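One structure below.
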Amino acid sequence: MRILVFNAGSSSLKFGVFEGARGEGGETRQLVKGAFERFREGACAFALEIDGVAERGEAPHGDLGAAIAAVPGVLAQHGIDGIEAVGHRIVHGGAEFATPAVLDAPTLARIEALTPLAPLHNPANLHAVRLAQAVWPDLPQVGVFDTAFHLTNPPRVYSYAVPAAWREAGLRRFGFHGTSHKYVAERAAQALGQPLARLRIISVHLGNGASVCAINLGKSFESSMGLTALEGLVMGTRSGDVDPGAFGYLQRQLGLGIEEIEQALYSDSGLKGLTGSSDMRDVEDRAAAGDAAAQMAINLYAHRARKYIGAYAAGMGGVDAVVFTGGIGENSASMRRRICDGLDFMGLRLDFDRNQSVDLAGRAAPQIQSYGARVAVLVTETAEQLQIAREVAAHLSRPEAEVRPIPVAVSGRHVHLAEDSLKALFGPEYALTIAKQLRQPGNWAANERVTLVGPKGRLENVAILGPLRRRTQIEVSRTDSFALGIDAPVRDSGDLDGTPTVRLIGPHGQLDTDGLIVAARHVHMHPDDAQAMGLEDGQMVSVRIGQGERALTFGHTKIRIQPNAFTEMHIDTDEANASGIGPNWVGEVIEMEAHLGA
Ligand SMILES: Nc1ncnc2c1ncn2[C@@H]1O[C@H](COP(=O)(O)OP(=O)(O)O)[C@@H](O)[C@H]1O
Ligand SMILES: CC(=O)OP(=O)(O)O
Ligand SMILES: [Mg+2]
């Protein structure tokens, strides 16, 4: 499938033509790489690469519209035809777009509504879509969103600690450059010869916009950009982190209005605010010539990036690889060195020569850490356009999702024990005995039972499920939690930090342990079912159960894909009673929610 991709910014239009295999897994090849940059009165810079032959020069296009209109001519001149779809980078998709989307009128209206959150980017992105629709009215136009990759961030990462009314109005962190971070992380895993799902990666994208992303076991965990693309690193013209207290101060001291302040933070800050130039090459040249402001700017830039690398290593509890990308990350050996300086304490150390001699030709992703360093450091070209092409091809050729009934299982209250708890409750040498195998392979119910005690009451004869786990977890219904007199939070299995304590009593002894939760409803799913139904791991869905008078649709149900899973929805007794469920009932996924679960 031949795809034309646009990445439209306020001062540049990058484009590419790709030959992508239909469906997942196929190789996507770039046929054309082009850019119109630095728009000014009636002119811009032009670069084109086809079949390894590069040309550079000036072009007579002063703005985005003129540049897009020129693309069909450029392609025709080089004999490139047969375009089947147009892919667009859309920077802000809010919490609404977890996957690529065909850009029909209602979708464009939803993106338009997000413009205030990305004033530098979404208007140019949408402008490109409208122009491309006019030039190629018969081709599907598909948007791929910078924000989508980050929708797996957990609530503690994406929330701001602000009043409830603001949060309800949509104030939260999103994160950007998602297509770049995703591509770069996959490329790094490939270069390291390890599965992405086993790596903790920090991707450092340093272009005009810049952001750091923590990718924990294949999923975005945190991005340094927030509600907008202003938060985080120092950028070409954007400030990155500034104390929000500055707004009031500037208003009172300098009499500045909100719009003036915002305009300055987006367009007159960052490297430009510090040195007068937004271009790192200029800043580095000036610093080398002894300019003190440029030297300070470089130090500030590096310090901010280094701080985020440390923070994200802490956030993930470690890091296996750091990857540099973007115009600065790919080209500036000195900036990579400055950022990594002083990180030896966490096992991150560059090799001077490897860092100096990075060569990215042929899509290489060289490693530049010193020999024996614990953390791998890589450099790779970002390929936002390539990644967009891949996602567009996969989106347009995905099979029609099939509806498959999902058996529903009701989980009564139960306990998973850790070894120390087993010893405390049943004695040091005790081993649990299996009463019955459960449908999830490897899981079983034990013959043994325990008692739960809270300030208000006790629950006797509570089942124990094996095998033993790393941490003791006690799953009860909301009704049970009232009976115990302990307010248990709704949590995913294993997410036990900050959970309340309950007393467990066994035949040998008793203990007080945290880990009391109301289990969040979820669907265990076999990968084959997930593929047939078009579902991803972590995806949230709505499931309808039953048809009778108590038929109920359960929203916010998480899909959990595991290699050997028996496909089955798990709800607790309160949920089962509310839906009037009987034996052998099945549910049906009726809606995919845009939001990916943590
Ligand atoms: N050799 C180089 N040394 C230092 N900085 C460079 C070099 N080449 C490009 N850059 C910088 O990369 C930045 C642009 O990055 P890029 O990823 O192309 O931007 P965009 O975010 O617009 O895609 C500019 O600051 C530019 O100066
Ligand atoms: C989101 C963002 O900052 O994008 P860019 O780097 O293209 O400005
Ligand atoms: Mg960029």
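Residues in the structure tokens are named by chain (A, B, ... in the order shown) and by number from 1 within that chain; ligands are numbered from 1 in the order shown.
Among all protein and nucleic acid residues, the ones that lie within 6 Å of ligand 1 when counting only C-alpha atoms and all ligand atoms are Gly207, Asn208, Gly209, Asp279, Met280, Arg281, Gly326, Gly327, Ile328, Asn331 and Ser332 of chain A.
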Distance query Ile202 of chain A at most 6 Å, only C-alpha atoms, self and fewer than 3 positions along chain excluded, as a VMD selection string: chain A and resid 213 to 214 322
Keeping only N, CA and C atoms, write the selected residues to a file as a compact mmCIF listing (two decimals), in the first residue's frame.
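And here's result-v8.txt as it stands now:
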# COMPACT_ATOMS: atom_id res chain seq x y z
N CYS A 213 10.67 10.60 27.29
CA CYS A 213 9.57 9.67 27.56
C CYS A 213 10.12 8.42 28.24
N ALA A 214 9.46 8.02 29.32
CA ALA A 214 9.80 6.77 29.99
C ALA A 214 8.91 5.69 29.39
N VAL A 322 18.95 4.25 27.25
CA VAL A 322 18.59 5.64 26.95
C VAL A 322 18.82 5.82 25.45
Using only C-alpha atoms and all ligand atoms, what are the residues with an atom within 9 Å of ligand 2, set out as an MDAnalysis selection string? chainID A and resid 7:10 91:92 118 120:121 146:147 175:178 205:211 225 228:230 235:236 238 326
Excluding Gly232 of chain A and residues on its chain fewer than 6 positions from it, collect all residues at most 9 Å away from it, counting only C-alpha atoms, and give them as a list in words. Ala210, Ser211, Val212, Ser223, Ser224, Met225, Gly226, Ser239, Gly240, Asp241, Val242, Arg304, Ala305 and Tyr308 of chain A
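The shortest atom-to-atom distance to Phe6 of chain A, with only C-alpha atoms taken into account, belongs to A:Gln387 out of A:Gln387, A:Gln369, A:Gln440, A:Ser542.
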Which of segment 324-531 of chain A counts as strand (DSSP E) under DSSP, as JSON, numbers by chain please? {"A": [324, 325, 376, 377, 378, 379, 406, 407, 408, 409, 410, 411, 414, 415, 416, 417, 418, 434, 435, 436, 437, 444, 445, 446, 447, 448, 449, 450, 451, 452, 453, 458, 459, 460, 461, 462, 463, 464, 465, 466, 467, 468, 469, 473, 474, 475, 490, 491, 502, 503, 504, 505, 510, 511, 512, 513, 516, 517, 518, 519, 522, 523, 524, 525]}
Selection near segment 502-513 of chain A, 9 Å with only C-alpha atoms, sequence-local residues under 5 positions removed, as a list of chain:residue names: A:Ser421, A:Leu422, A:Lys423, A:Ala424, A:Leu425, A:Phe426, A:Gly427, A:Glu448, A:Arg449, A:Val450, A:Thr451, A:Leu452, A:Val453, A:Gly454, A:Pro455, A:Thr472, A:Gln473, A:Ile474, A:Leu484, A:Ile486
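Using only C-alpha atoms, the contacts of Val490 of chain A at a cut-off of 8 Å, with sequence neighbours closer than 5 positions omitted, comprise Ile517, Val518, Ala519 and Ala520 of chain A.
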Restricting it to C-alpha atoms, dump the selection as a CSV table (one decimal), in the first residue's frame.
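Below is the file selection.csv, written as the result:
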chain,number,residue,atom,x,y,z
A,517,ILE,CA,-8.7,-4.2,47.4
A,518,VAL,CA,-12.0,-4.3,45.4
A,519,ALA,CA,-10.7,-5.9,42.2
A,520,ALA,CA,-11.3,-3.7,39.1
Could you name the residues that touch segment 547-553 of chain A at 9 Å or less, counting only C-alpha atoms, but leaving out those on the same chain fewer than 5 positions away, as a PyMOL selection string? chain A and resi 542+578-581+587+590
So that I can check the surroundings of Glu588 of chain A, please list as a list in words every protein, DNA and RNA residue that reaches within 9 Å of it, counting only C-alpha atoms and ignoring chain neighbours fewer than 6 positions away. Val403, Arg404, Pro405, Ile406, Pro407, Ser542, Val543, Arg544 and Ile545 of chain A
